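my_file.cif (mmCIF, C-alpha atoms)
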```
data_model
#
loop_
_atom_site.label_atom_id
_atom_site.label_comp_id
_atom_site.auth_asym_id
_atom_site.auth_seq_id
_atom_site.Cartn_x
_atom_site.Cartn_y
_atom_site.Cartn_z
CA MET R 1 44.50 -65.45 30.92
CA PRO R 2 48.26 -65.95 31.11
CA PHE R 3 50.22 -68.73 29.51
CA ASP R 4 48.34 -69.99 26.53
CA LEU R 5 51.05 -72.45 25.46
CA HIS R 6 49.81 -72.84 21.89
CA PHE R 7 49.87 -69.10 21.49
CA LEU R 8 53.35 -68.86 22.99
CA ALA R 9 54.55 -71.58 20.62
CA ARG R 10 53.49 -69.46 17.67
CA LEU R 11 54.73 -66.23 19.22
CA MET R 12 58.20 -67.18 20.42
CA PRO R 13 59.82 -67.87 17.02
CA GLU R 14 58.82 -64.39 15.85
CA LEU R 15 59.99 -62.77 19.06
CA LEU R 16 63.29 -64.59 18.68
CA GLU R 17 63.58 -63.22 15.14
CA GLY R 18 63.17 -59.80 16.73
CA ALA R 19 65.72 -60.74 19.36
CA LYS R 20 68.26 -61.35 16.59
CA VAL R 21 67.90 -57.71 15.54
CA THR R 22 68.11 -56.57 19.17
CA VAL R 23 71.29 -58.58 19.73
CA GLU R 24 72.83 -57.39 16.48
CA LEU R 25 72.12 -53.77 17.39
CA ALA R 26 73.31 -54.17 20.99
CA VAL R 27 76.54 -56.02 20.10
CA LEU R 28 77.43 -53.53 17.36
CA THR R 29 76.75 -50.65 19.76
CA MET R 30 78.88 -52.22 22.51
CA ALA R 31 81.78 -52.92 20.14
CA ILE R 32 81.74 -49.46 18.62
CA CYS R 33 81.34 -47.74 21.99
CA LEU R 34 84.30 -49.59 23.52
CA VAL R 35 86.52 -47.98 20.87
CA TRP R 36 84.69 -44.68 20.40
CA GLY R 37 84.49 -44.14 24.16
CA LEU R 38 88.26 -44.60 24.39
CA VAL R 39 88.83 -42.10 21.57
CA VAL R 40 86.59 -39.56 23.29
CA ALA R 41 88.16 -40.17 26.69
CA LEU R 42 91.68 -39.72 25.28
CA ALA R 43 90.60 -36.59 23.40
CA GLN R 44 89.09 -35.21 26.55
CA SER R 45 92.29 -35.73 28.51
CA THR R 46 94.19 -33.38 26.18
CA ARG R 47 94.42 -29.66 26.77
CA GLY R 48 93.09 -27.12 24.30
CA PRO R 49 90.12 -27.08 21.92
CA LEU R 50 90.04 -30.84 21.30
CA GLY R 51 89.65 -31.60 25.00
CA TRP R 52 86.99 -28.94 25.32
CA LEU R 53 85.12 -30.32 22.31
CA ALA R 54 85.18 -33.87 23.68
CA GLY R 55 83.92 -32.61 27.04
CA ALA R 56 81.07 -30.73 25.35
CA TYR R 57 80.21 -33.83 23.32
CA ILE R 58 80.01 -35.95 26.47
CA GLN R 59 77.75 -33.48 28.25
CA ILE R 60 75.45 -33.01 25.26
CA VAL R 61 74.86 -36.68 24.48
CA ARG R 62 74.46 -37.62 28.13
CA ASN R 63 72.00 -34.86 28.94
CA THR R 64 69.53 -35.31 26.08
CA PRO R 65 67.14 -38.24 25.66
CA LEU R 66 68.13 -41.09 23.34
CA LEU R 67 64.68 -40.97 21.76
CA ILE R 68 65.15 -37.34 20.67
CA GLN R 69 68.60 -38.22 19.28
CA MET R 70 67.06 -41.05 17.28
CA TYR R 71 64.30 -38.82 15.90
CA LEU R 72 66.88 -36.20 15.04
CA VAL R 73 68.95 -38.68 13.04
CA TYR R 74 66.04 -40.60 11.51
CA PHE R 75 63.73 -37.73 10.51
CA GLY R 76 66.33 -34.99 10.32
CA PHE R 77 68.68 -36.81 7.94
CA SER R 78 65.91 -37.96 5.64
CA MET R 79 64.65 -34.38 5.46
CA ALA R 80 68.16 -33.24 4.60
CA GLY R 81 68.24 -35.66 1.69
CA PHE R 82 70.42 -38.51 2.92
CA GLY R 83 67.98 -40.73 4.74
CA LEU R 84 69.33 -43.51 6.94
CA SER R 85 67.40 -46.71 7.62
CA GLY R 86 65.76 -47.11 11.03
CA PHE R 87 68.47 -49.60 12.00
CA ALA R 88 71.32 -47.28 10.98
CA SER R 89 69.72 -44.26 12.69
CA GLY R 90 69.15 -46.29 15.85
CA LEU R 91 72.72 -47.56 15.79
CA LEU R 92 74.12 -44.06 15.29
CA ALA R 93 72.08 -42.60 18.15
CA LEU R 94 72.84 -45.55 20.46
CA CYS R 95 76.58 -45.19 19.77
CA ALA R 96 76.51 -41.42 20.18
CA GLN R 97 74.83 -41.56 23.57
CA ASN R 98 76.52 -44.62 25.03
CA GLY R 99 79.91 -43.52 23.71
CA GLY R 100 79.59 -40.53 26.05
CA TYR R 101 78.86 -42.78 29.02
CA VAL R 102 81.68 -45.20 28.17
CA ALA R 103 84.14 -42.30 27.84
CA GLU R 104 83.23 -41.22 31.37
CA ILE R 105 83.73 -44.78 32.61
CA TYR R 106 87.24 -44.90 31.11
CA ARG R 107 88.08 -41.50 32.55
CA GLY R 108 86.91 -42.60 35.99
CA GLY R 109 89.01 -45.77 35.72
CA LEU R 110 92.17 -43.85 34.75
CA GLN R 111 91.68 -41.22 37.44
CA ALA R 112 91.17 -43.83 40.13
CA VAL R 113 94.77 -45.06 39.75
CA SER R 114 96.78 -43.13 42.31
CA PRO R 115 99.80 -41.12 41.10
CA ARG R 116 101.91 -43.16 43.56
CA GLN R 117 101.39 -46.19 41.33
CA TYR R 118 103.16 -44.36 38.50
CA GLU R 119 105.88 -43.17 40.87
CA SER R 120 106.53 -46.61 42.32
CA GLY R 121 106.60 -48.12 38.85
CA ARG R 122 109.22 -45.59 37.78
CA ALA R 123 111.15 -46.09 40.99
CA LEU R 124 111.41 -49.77 40.05
CA GLY R 125 112.93 -48.70 36.75
CA MET R 126 109.86 -49.31 34.58
CA ARG R 127 109.05 -46.90 31.86
CA GLY R 128 106.55 -46.32 29.07
CA ARG R 129 105.05 -49.54 27.82
CA THR R 130 106.13 -51.78 30.69
CA LEU R 131 104.77 -49.39 33.28
CA TYR R 132 101.40 -49.24 31.55
CA THR R 133 100.97 -52.91 30.71
CA THR R 134 102.12 -54.31 34.04
CA VAL R 135 101.07 -51.66 36.57
CA ILE R 136 98.52 -49.15 35.34
CA LEU R 137 96.27 -50.86 32.81
CA PRO R 138 95.49 -53.97 34.90
CA GLN R 139 94.17 -51.67 37.61
CA VAL R 140 92.17 -49.62 35.12
CA VAL R 141 90.67 -52.77 33.61
CA ALA R 142 89.69 -54.05 37.04
CA ARG R 143 87.86 -50.83 37.83
CA VAL R 144 86.28 -50.39 34.44
CA ILE R 145 84.68 -53.80 33.84
CA PRO R 146 81.80 -53.63 36.37
CA PRO R 147 80.48 -50.25 35.13
CA LEU R 148 81.01 -51.36 31.51
CA THR R 149 78.88 -54.43 32.22
CA ASN R 150 76.14 -52.18 33.59
CA GLN R 151 76.42 -50.02 30.50
CA GLY R 152 76.05 -53.12 28.32
CA ILE R 153 72.81 -53.96 30.14
CA THR R 154 71.63 -50.39 29.63
CA ILE R 155 72.44 -50.66 25.92
CA ILE R 156 70.33 -53.81 25.56
CA LYS R 157 67.41 -52.10 27.27
CA ASP R 158 67.91 -48.93 25.23
CA THR R 159 67.59 -50.84 21.96
CA ALA R 160 63.86 -51.20 22.73
CA GLN R 161 63.52 -47.54 21.78
CA VAL R 162 64.33 -48.15 18.12
CA ALA R 163 60.82 -49.63 17.92
CA ALA R 164 59.76 -45.98 17.71
CA ILE R 165 61.54 -45.64 14.36
CA ALA R 166 60.06 -48.85 12.99
CA VAL R 167 62.88 -51.36 13.45
CA MET R 168 61.52 -54.89 13.84
CA GLU R 169 63.18 -55.86 17.09
CA ILE R 170 61.64 -57.49 20.18
CA MET R 171 59.62 -54.46 21.21
CA LYS R 172 58.16 -53.75 17.77
CA VAL R 173 57.33 -57.41 17.18
CA SER R 174 55.55 -57.64 20.51
CA GLU R 175 53.59 -54.44 19.85
CA ILE R 176 52.40 -55.89 16.56
CA TRP R 177 51.41 -59.15 18.26
CA VAL R 178 49.51 -57.31 20.97
CA GLU R 179 47.62 -55.34 18.34
CA LYS R 180 46.64 -58.37 16.32
CA SER R 181 46.00 -60.90 19.08
CA ALA R 182 44.99 -58.78 22.09
CA ASN R 183 46.80 -61.40 24.15
CA THR R 184 48.75 -58.84 26.13
CA TYR R 185 49.89 -61.04 29.02
CA ASP R 186 51.54 -63.69 26.91
CA VAL R 187 53.23 -61.30 24.50
CA PHE R 188 54.79 -59.25 27.26
CA PHE R 189 55.65 -62.33 29.25
CA GLY R 190 57.59 -63.56 26.22
CA ALA R 191 59.23 -60.21 25.53
CA ALA R 192 60.21 -59.66 29.17
CA LEU R 193 61.61 -63.18 29.35
CA ILE R 194 63.87 -62.58 26.35
CA TYR R 195 65.08 -59.24 27.69
CA LEU R 196 65.79 -60.78 31.10
CA GLY R 197 67.71 -63.57 29.35
CA LEU R 198 69.80 -61.14 27.31
CA THR R 199 70.59 -58.84 30.24
CA SER R 200 71.43 -61.80 32.50
CA ILE R 201 73.83 -63.20 29.90
CA THR R 202 75.52 -59.80 29.72
CA GLY R 203 75.81 -59.74 33.50
CA VAL R 204 77.37 -63.21 33.57
CA VAL R 205 79.82 -62.40 30.76
CA GLY R 206 80.81 -59.26 32.62
CA ARG R 207 81.46 -61.19 35.81
CA LEU R 208 83.52 -63.80 33.94
CA ALA R 209 85.56 -61.06 32.29
CA GLU R 210 86.07 -59.48 35.67
CA ARG R 211 87.35 -62.73 37.14
CA ARG R 212 89.71 -63.39 34.23
CA LEU R 213 91.05 -59.92 33.62
CA ALA R 214 90.98 -58.26 37.02
CA PHE R 215 94.03 -59.98 38.43
CA ALA R 216 95.26 -56.77 39.96
CA GLN R 217 93.15 -57.12 43.08
CA MET T 1 67.86 -26.29 7.10
CA THR T 2 69.26 -23.14 8.63
CA ASN T 3 65.85 -21.50 8.69
CA LEU T 4 64.94 -21.16 12.35
CA ASN T 5 61.43 -19.79 11.81
CA PRO T 6 59.57 -23.04 12.64
CA LEU T 7 61.41 -23.28 15.94
CA TYR T 8 60.85 -19.61 16.68
CA HIS T 9 57.10 -19.88 16.09
CA SER T 10 56.57 -23.02 18.10
CA PHE T 11 58.99 -22.41 20.93
CA TRP T 12 56.24 -21.48 23.35
CA TYR T 13 54.46 -24.77 22.60
CA LEU T 14 57.72 -26.67 23.23
CA LEU T 15 58.17 -24.86 26.53
CA ARG T 16 54.68 -25.92 27.59
CA GLY T 17 55.67 -29.48 26.73
CA ALA T 18 58.79 -29.01 28.84
CA GLY T 19 56.58 -27.87 31.71
CA MET T 20 54.69 -31.14 31.45
CA THR T 21 57.98 -33.10 31.35
CA VAL T 22 59.20 -31.37 34.50
CA LEU T 23 55.86 -31.91 36.24
CA MET T 24 55.80 -35.59 35.34
CA ALA T 25 59.42 -36.13 36.41
CA GLY T 26 58.93 -34.11 39.59
CA VAL T 27 55.85 -36.08 40.57
CA ALA T 28 57.52 -39.43 39.81
CA ILE T 29 60.74 -38.66 41.71
CA VAL T 30 58.97 -38.42 45.08
CA PRO T 31 57.49 -41.95 45.28
CA ALA T 32 60.56 -43.37 43.51
CA THR T 33 62.84 -41.91 46.20
CA LEU T 34 60.66 -42.99 49.13
CA PHE T 35 60.16 -46.50 47.78
CA GLY T 36 63.82 -46.81 46.82
CA MET T 37 64.85 -45.74 50.30
CA ALA T 38 62.47 -48.26 51.88
CA LEU T 39 63.89 -51.00 49.64
CA ALA T 40 67.46 -50.05 50.53
CA LEU T 41 66.75 -50.09 54.27
CA ALA T 42 64.93 -53.40 53.94
CA GLN T 43 67.84 -54.85 51.99
CA VAL T 44 70.28 -53.89 54.73
CA PHE T 45 68.16 -54.63 57.80
CA ALA T 46 65.26 -56.95 56.95
CA GLY T 47 65.14 -60.75 57.12
CA ARG T 48 66.01 -63.28 54.45
CA VAL T 49 62.54 -63.51 52.89
CA ALA T 50 62.19 -59.76 52.36
CA GLN T 51 65.74 -59.59 51.00
CA GLY T 52 65.00 -62.39 48.55
CA ALA T 53 61.85 -60.65 47.36
CA ILE T 54 63.77 -57.42 46.84
CA VAL T 55 66.52 -59.18 44.90
CA VAL T 56 63.86 -60.57 42.54
CA TYR T 57 62.29 -57.12 42.20
CA LEU T 58 65.63 -55.50 41.39
CA PHE T 59 66.43 -58.27 38.90
CA LEU T 60 63.14 -57.68 37.06
CA MET T 61 63.44 -53.90 37.00
CA ARG T 62 67.10 -53.93 35.96
CA GLY T 63 66.52 -56.50 33.23
CA ILE T 64 63.37 -55.24 31.50
CA PRO T 65 63.39 -52.02 29.45
CA LEU T 66 61.24 -49.20 30.81
CA LEU T 67 59.54 -48.93 27.42
CA VAL T 68 58.33 -52.55 27.71
CA LEU T 69 56.92 -51.85 31.17
CA LEU T 70 55.21 -48.66 30.00
CA THR T 71 53.65 -50.34 26.99
CA PHE T 72 52.64 -53.29 29.12
CA ALA T 73 50.90 -50.99 31.59
CA TYR T 74 49.30 -49.09 28.73
CA TYR T 75 47.63 -52.20 27.33
CA LEU T 76 47.17 -54.01 30.60
CA LEU T 77 45.79 -51.50 33.09
CA PRO T 78 42.46 -51.12 31.26
CA LEU T 79 42.11 -54.92 31.19
CA THR T 80 42.62 -55.30 34.94
CA GLY T 81 39.90 -52.75 35.63
CA ILE T 82 42.25 -50.33 37.39
CA ASP T 83 40.97 -47.04 36.10
CA LEU T 84 43.97 -44.73 36.41
CA PRO T 85 44.28 -41.59 34.31
CA PRO T 86 47.21 -42.10 31.86
CA PHE T 87 49.33 -39.49 33.64
CA TRP T 88 49.18 -41.35 36.94
CA GLY T 89 49.63 -44.66 35.19
CA VAL T 90 52.99 -43.65 33.72
CA VAL T 91 54.01 -41.93 36.96
CA VAL T 92 53.44 -45.21 38.81
CA VAL T 93 55.42 -47.24 36.27
CA ILE T 94 58.31 -44.77 36.12
CA SER T 95 58.55 -44.53 39.89
CA LEU T 96 58.43 -48.31 40.36
CA TYR T 97 61.19 -48.66 37.76
CA TYR T 98 63.42 -45.94 39.17
CA ALA T 99 62.87 -47.07 42.77
CA ALA T 100 65.04 -50.08 41.91
CA PHE T 101 67.93 -47.82 40.86
CA MET T 102 67.37 -45.47 43.81
CA CYS T 103 67.59 -48.52 46.05
CA GLU T 104 71.06 -49.33 44.69
CA VAL T 105 72.22 -45.75 45.22
CA PHE T 106 70.98 -45.55 48.81
CA ARG T 107 72.21 -49.03 49.66
CA ALA T 108 75.69 -48.16 48.39
CA GLY T 109 75.53 -45.02 50.55
CA ILE T 110 74.57 -46.98 53.65
CA LEU T 111 77.12 -49.73 53.09
CA SER T 112 80.00 -47.35 52.47
CA LEU T 113 79.85 -46.02 56.02
CA PRO T 114 82.85 -47.23 58.01
CA ILE T 115 82.04 -50.13 60.38
CA ALA T 116 83.42 -48.01 63.23
CA GLN T 117 80.38 -45.73 62.93
CA TRP T 118 78.02 -48.64 63.57
CA ASP T 119 80.14 -49.94 66.42
CA ALA T 120 80.35 -46.51 68.00
CA ALA T 121 76.58 -46.05 67.86
CA LYS T 122 75.99 -49.52 69.29
CA SER T 123 78.49 -49.04 72.08
CA LEU T 124 76.62 -45.90 73.11
CA GLY T 125 73.60 -48.15 73.55
CA MET T 126 71.53 -46.52 70.81
CA PRO T 127 68.40 -48.34 69.72
CA ARG T 128 68.28 -49.10 66.02
CA GLY T 129 65.80 -46.34 65.14
CA LEU T 130 67.86 -43.63 66.78
CA MET T 131 71.07 -45.00 65.27
CA LEU T 132 69.51 -44.80 61.82
CA ARG T 133 68.18 -41.32 62.35
CA ILE T 134 71.18 -39.54 63.80
CA VAL T 135 74.19 -41.63 62.73
CA VAL T 136 73.60 -43.73 59.64
CA LEU T 137 71.16 -41.83 57.43
CA PRO T 138 72.67 -38.33 57.67
CA GLN T 139 76.04 -39.65 56.48
CA ALA T 140 74.68 -42.20 54.01
CA LEU T 141 72.42 -39.63 52.35
CA ARG T 142 75.32 -37.23 51.98
CA LEU T 143 77.31 -39.92 50.18
CA ALA T 144 74.31 -40.93 48.06
CA ALA T 145 73.39 -37.38 47.03
CA PRO T 146 75.56 -37.02 43.87
CA PRO T 147 74.49 -40.32 42.22
CA PHE T 148 70.92 -39.59 43.32
CA VAL T 149 70.94 -36.30 41.43
CA SER T 150 72.32 -37.88 38.25
CA LEU T 151 69.64 -40.56 38.54
CA CYS T 152 67.07 -37.76 38.63
CA ALA T 153 68.51 -36.41 35.37
CA ASN T 154 68.13 -39.90 33.90
CA LEU T 155 64.53 -39.97 35.04
CA VAL T 156 63.86 -36.67 33.27
CA LYS T 157 65.28 -38.15 30.07
CA ALA T 158 63.23 -41.31 30.55
CA THR T 159 59.96 -39.38 30.60
CA SER T 160 60.47 -38.90 26.84
CA LEU T 161 59.38 -42.55 26.46
CA VAL T 162 55.83 -41.82 27.55
CA SER T 163 55.31 -40.07 24.21
CA ILE T 164 55.44 -43.53 22.61
CA VAL T 165 52.39 -44.62 24.62
CA GLY T 166 50.63 -41.42 23.65
CA LEU T 167 51.11 -38.99 26.51
CA TRP T 168 51.71 -35.34 25.82
CA GLU T 169 54.98 -33.86 27.02
CA LEU T 170 58.05 -32.30 25.42
CA THR T 171 58.88 -35.16 23.04
CA MET T 172 55.26 -35.56 21.96
CA ALA T 173 54.93 -31.81 21.52
CA SER T 174 58.00 -31.73 19.29
CA ARG T 175 56.69 -34.63 17.19
CA GLU T 176 53.39 -32.79 16.70
CA ILE T 177 55.19 -29.67 15.54
CA VAL T 178 57.41 -31.69 13.19
CA GLU T 179 54.34 -33.25 11.60
CA ARG T 180 52.92 -29.79 11.03
CA THR T 181 56.04 -27.90 9.96
CA LEU T 182 58.19 -30.69 8.43
CA ALA T 183 61.25 -29.17 10.08
CA PRO T 184 62.65 -32.09 12.10
CA PHE T 185 66.18 -30.69 12.50
CA GLN T 186 65.17 -27.37 13.99
CA ILE T 187 62.39 -28.69 16.22
CA PHE T 188 64.18 -31.76 17.59
CA LEU T 189 67.30 -29.67 18.16
CA GLY T 190 65.15 -27.19 20.06
CA ALA T 191 63.63 -29.98 22.14
CA ALA T 192 67.10 -31.44 22.76
CA ALA T 193 68.30 -28.00 23.88
CA ILE T 194 65.46 -27.75 26.41
CA TYR T 195 66.16 -31.25 27.75
CA PHE T 196 69.82 -30.32 27.94
CA CYS T 197 69.09 -27.23 30.03
CA ILE T 198 67.05 -29.28 32.52
CA CYS T 199 69.41 -32.27 32.76
CA TYR T 200 72.66 -30.33 32.63
CA SER T 201 71.63 -28.08 35.50
CA LEU T 202 70.90 -31.24 37.49
CA ALA T 203 74.31 -32.62 36.46
CA LEU T 204 76.05 -29.42 37.56
CA TYR T 205 74.24 -29.54 40.88
CA GLY T 206 75.31 -33.17 41.26
CA ARG T 207 78.92 -32.23 40.60
CA HIS T 208 78.68 -29.46 43.17
CA LEU T 209 77.36 -31.95 45.74
CA GLU T 210 80.12 -34.39 44.84
CA ARG T 211 82.78 -31.79 45.50
CA ARG T 212 81.21 -31.08 48.87
CA VAL T 213 81.23 -34.77 49.76
CA LEU T 214 84.87 -35.17 48.72
CA HIS T 215 86.15 -32.13 50.58
CA GLY T 216 84.20 -32.49 53.78
CA HIS T 217 81.99 -29.43 53.39
#
```

As structure tokens, how would this structure be written, given the file I've shared?
Amino acid sequence: MPFDLHFLARLMPELLEGAKVTVELAVLTMAICLVWGLVVALAQSTRGPLGWLAGAYIQIVRNTPLLIQMYLVYFGFSMAGFGLSGFASGLLALCAQNGGYVAEIYRGGLQAVSPRQYESGRALGMRGRTLYTTVILPQVVARVIPPLTNQGITIIKDTAQVAAIAVMEIMKVSEIWVEKSANTYDVFFGAALIYLGLTSITGVVGRLAERRLAFAQ
Amino acid sequence: MTNLNPLYHSFWYLLRGAGMTVLMAGVAIVPATLFGMALALAQVFAGRVAQGAIVVYLFLMRGIPLLVLLTFAYYLLPLTGIDLPPFWGVVVVISLYYAAFMCEVFRAGILSLPIAQWDAAKSLGMPRGLMLRIVVLPQALRLAAPPFVSLCANLVKATSLVSIVGLWELTMASREIVERTLAPFQIFLGAAAIYFCICYSLALYGRHLERRVLHGH
């Protein structure tokens, strides 16, 4: 039955080892996606083939399952002769998919600023850099942080899927422990607890960032 | 790598897998929507205790990866003596998980109605049930329709996870074919293309609904 404390005492250090990999993967994905999403969003806002290409990229990565993307990278690349490790394949697929979502978040944030804001800024004699840093970007940041926080939580949960390509993170470690101990309750209690901890921390960080950066409202 | 024969020969098998994916998603969407709606209404109208319980439920579902819940159910259901066929087991887990996100979508729809609508209904002396049925829900559902549809696309993608706990659908079918043909690129690309067709049509429909919401009709 639940909560065999001796068992949990042996289990938790290993789960936390797995959590290190989960955190590493999630933080790398978030950092890369913040930049990559911006690149894609800016590319999409241009006219011509580049904008079209970025739009197609966003639709393709958002409308296919992450798991299939991971299999494609992991098995496909190794078959083509340049195999990537499970971690690298997982990271690549996570960045590809979440980059598409982050790009959409940026686009939504930019579009939500009314054209009148630009006009009033110009009417006050601001131009270029000043206009953006004092009027436009603070409003974009304010609108973009809550959905980015949600995306961060999604990323943490998505990392569980790399267990399918044999990366030793929380999910894989707990599967192994279930197989060898048959103590399902405790293992999943531990795993769920760690995930809840990680996602809650992300939520709190997001809210702090919102309070500090969103001075526009 | 450019040889498309493996895909050509197994395309029918992939399509059957896709049929299973659509069936599974279609069956899961119904209880997820109903339960999510009930949660949203309870969150807006019910007392403190029910609201607290729902907040805890949402916290758990938003913080734990679906894959963890699915694996948990896979190992745990047999132990508890609940003898569900695997298909219904995963349908229950997926709908419980997505109900939490549906709840957020519907709640946002209900709360974004202008206060004047509530006041107007109350001043006409409408009882709560009638007010819900002819004033609140018709407008709230219209607002909630676009995010609801994109959530459905997410649910379709999420069914790919059930292949990890051994259920047969599109992702599982493509893995089987890859094991037989050793052509991961072609087969996983084919599977991704099928997923894309399903999810992108949902996305297009969502965009169509969004335009209707924005422009009145």

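Every residue of chain R that lies within 6 Å of chain T is listed here, counting only C-alpha atoms: Asn63, Thr64, Pro65, Leu72, Phe75, Gly76, Lys157, Ala192, Tyr195, Leu196 and Thr199 of chain R.
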
Residues from last step as file, C-alpha atoms, as a short mmCIF file (atom, residue, chain, number, x, y, z; two decimals), keeping the file's coordinate frame:
```cif
data_model
loop_
_atom_site.label_atom_id
_atom_site.label_comp_id
_atom_site.auth_asym_id
_atom_site.auth_seq_id
_atom_site.Cartn_x
_atom_site.Cartn_y
_atom_site.Cartn_z
CA ASN R 63 72.00 -34.86 28.94
CA THR R 64 69.53 -35.31 26.08
CA PRO R 65 67.14 -38.24 25.66
CA LEU R 72 66.88 -36.20 15.04
CA PHE R 75 63.73 -37.73 10.51
CA GLY R 76 66.33 -34.99 10.32
CA LYS R 157 67.41 -52.10 27.27
CA ALA R 192 60.21 -59.66 29.17
CA TYR R 195 65.08 -59.24 27.69
CA LEU R 196 65.79 -60.78 31.10
CA THR R 199 70.59 -58.84 30.24
#
```

The PyMOL selection byres ((chain R and resi 54) around 8) on the file shown: which residues, as a count of residues only?
12

Find the distance between atom CA of Met30 of chain R and atom CA of Glu169 of chain R and write it in Å to one decimal.
17.0 Å

Residues picked by the PyMOL selection byres ((chain R and resi 189) around 12) here, as number ranges by chain?
R: 1-5, 7-8, 11-12, 15, 170-171, 174, 178, 183-188, 190-196; T: 60, 64, 68-69, 72, 76

Go through the shown structure with the PyMOL selection byres ((chain R and resi 206) around 9) and write out the matching residues as a ChimeraX atom specification.
/R:145-146,148-150,152,201-205,207-211

Segment 129-146 of chain T: which residues within 9 Å, counting only C-alpha atoms, same-chain residues fewer than 4 positions away excluded, as a list of chain:residue names?
T:Val105, T:Phe106, T:Arg107, T:Ala108, T:Gly109, T:Ile110, T:Leu111, T:Ser112, T:Leu113, T:Gln117, T:Trp118, T:Ala121, T:Lys122, T:Ser150, T:Leu151, T:Ala203, T:Tyr205, T:Gly206, T:Arg207, T:His208, T:Leu209, T:Glu210, T:Val213

Spatial neighbours of segment 92-104 of chain T, max dist 6 Å, all atoms listed in the file, sep filter under 2 positions, as number ranges by chain
T: 28, 32, 35-37, 39-40, 58, 61, 89-90, 106-107

Just how far from atom CA of Ala42 of chain T is atom CA of Asp119 of chain T, in Å to one decimal?
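For atom CA of Asp119 of chain T relative to atom CA of Ala42 of chain T, the distance reads 20.0 Å.
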
How many Å lie between atom CA of Tyr74 of chain T and atom CA of Tyr13 of chain T, rounded to one decimal?
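Distance reported for this atom pair: 25.6 Å.
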
Proximity to Ser114 of chain R - best of R:Val27, R:Gln139, R:Ala166, R:Gly128, all atoms listed in the file:
R:Gln139

Can you tell me, as a ChimeraX atom specification, what residues are no more than 12 Å from Leu131 of chain R when counting all atoms listed in the file, ignoring any on the same chain fewer than 5 positions away?
/R:117-126,136-139

For Leu110 of chain R, which residue out of R:Leu38, R:Leu84, R:Ile165, R:Leu28 is the nearest one, using only C-alpha atoms?
R:Leu38

From the set T:Val149, T:Asp83, T:Val27, T:Arg128, which residue has the shortest atom-to-atom contact distance to Phe45 of chain T, counting all atoms listed in the file?
T:Arg128

What are the centre and edge lengths in Å, to one decimal, of the axis-aligned box around all listed atoms of segment 113-119 of chain T with 6 Å added on each side, as AutoDock Vina command-line options?
```
--center_x 80.7 --center_y -47.9 --center_z 61.2 --size_x 17.4 --size_y 16.4 --size_z 22.4
```

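The closest residue to Leu42 of chain R, picked from R:Ile176, R:Ala96, R:Ala103, R:Ala88 and counting all atoms listed in the file, is R:Ala103.
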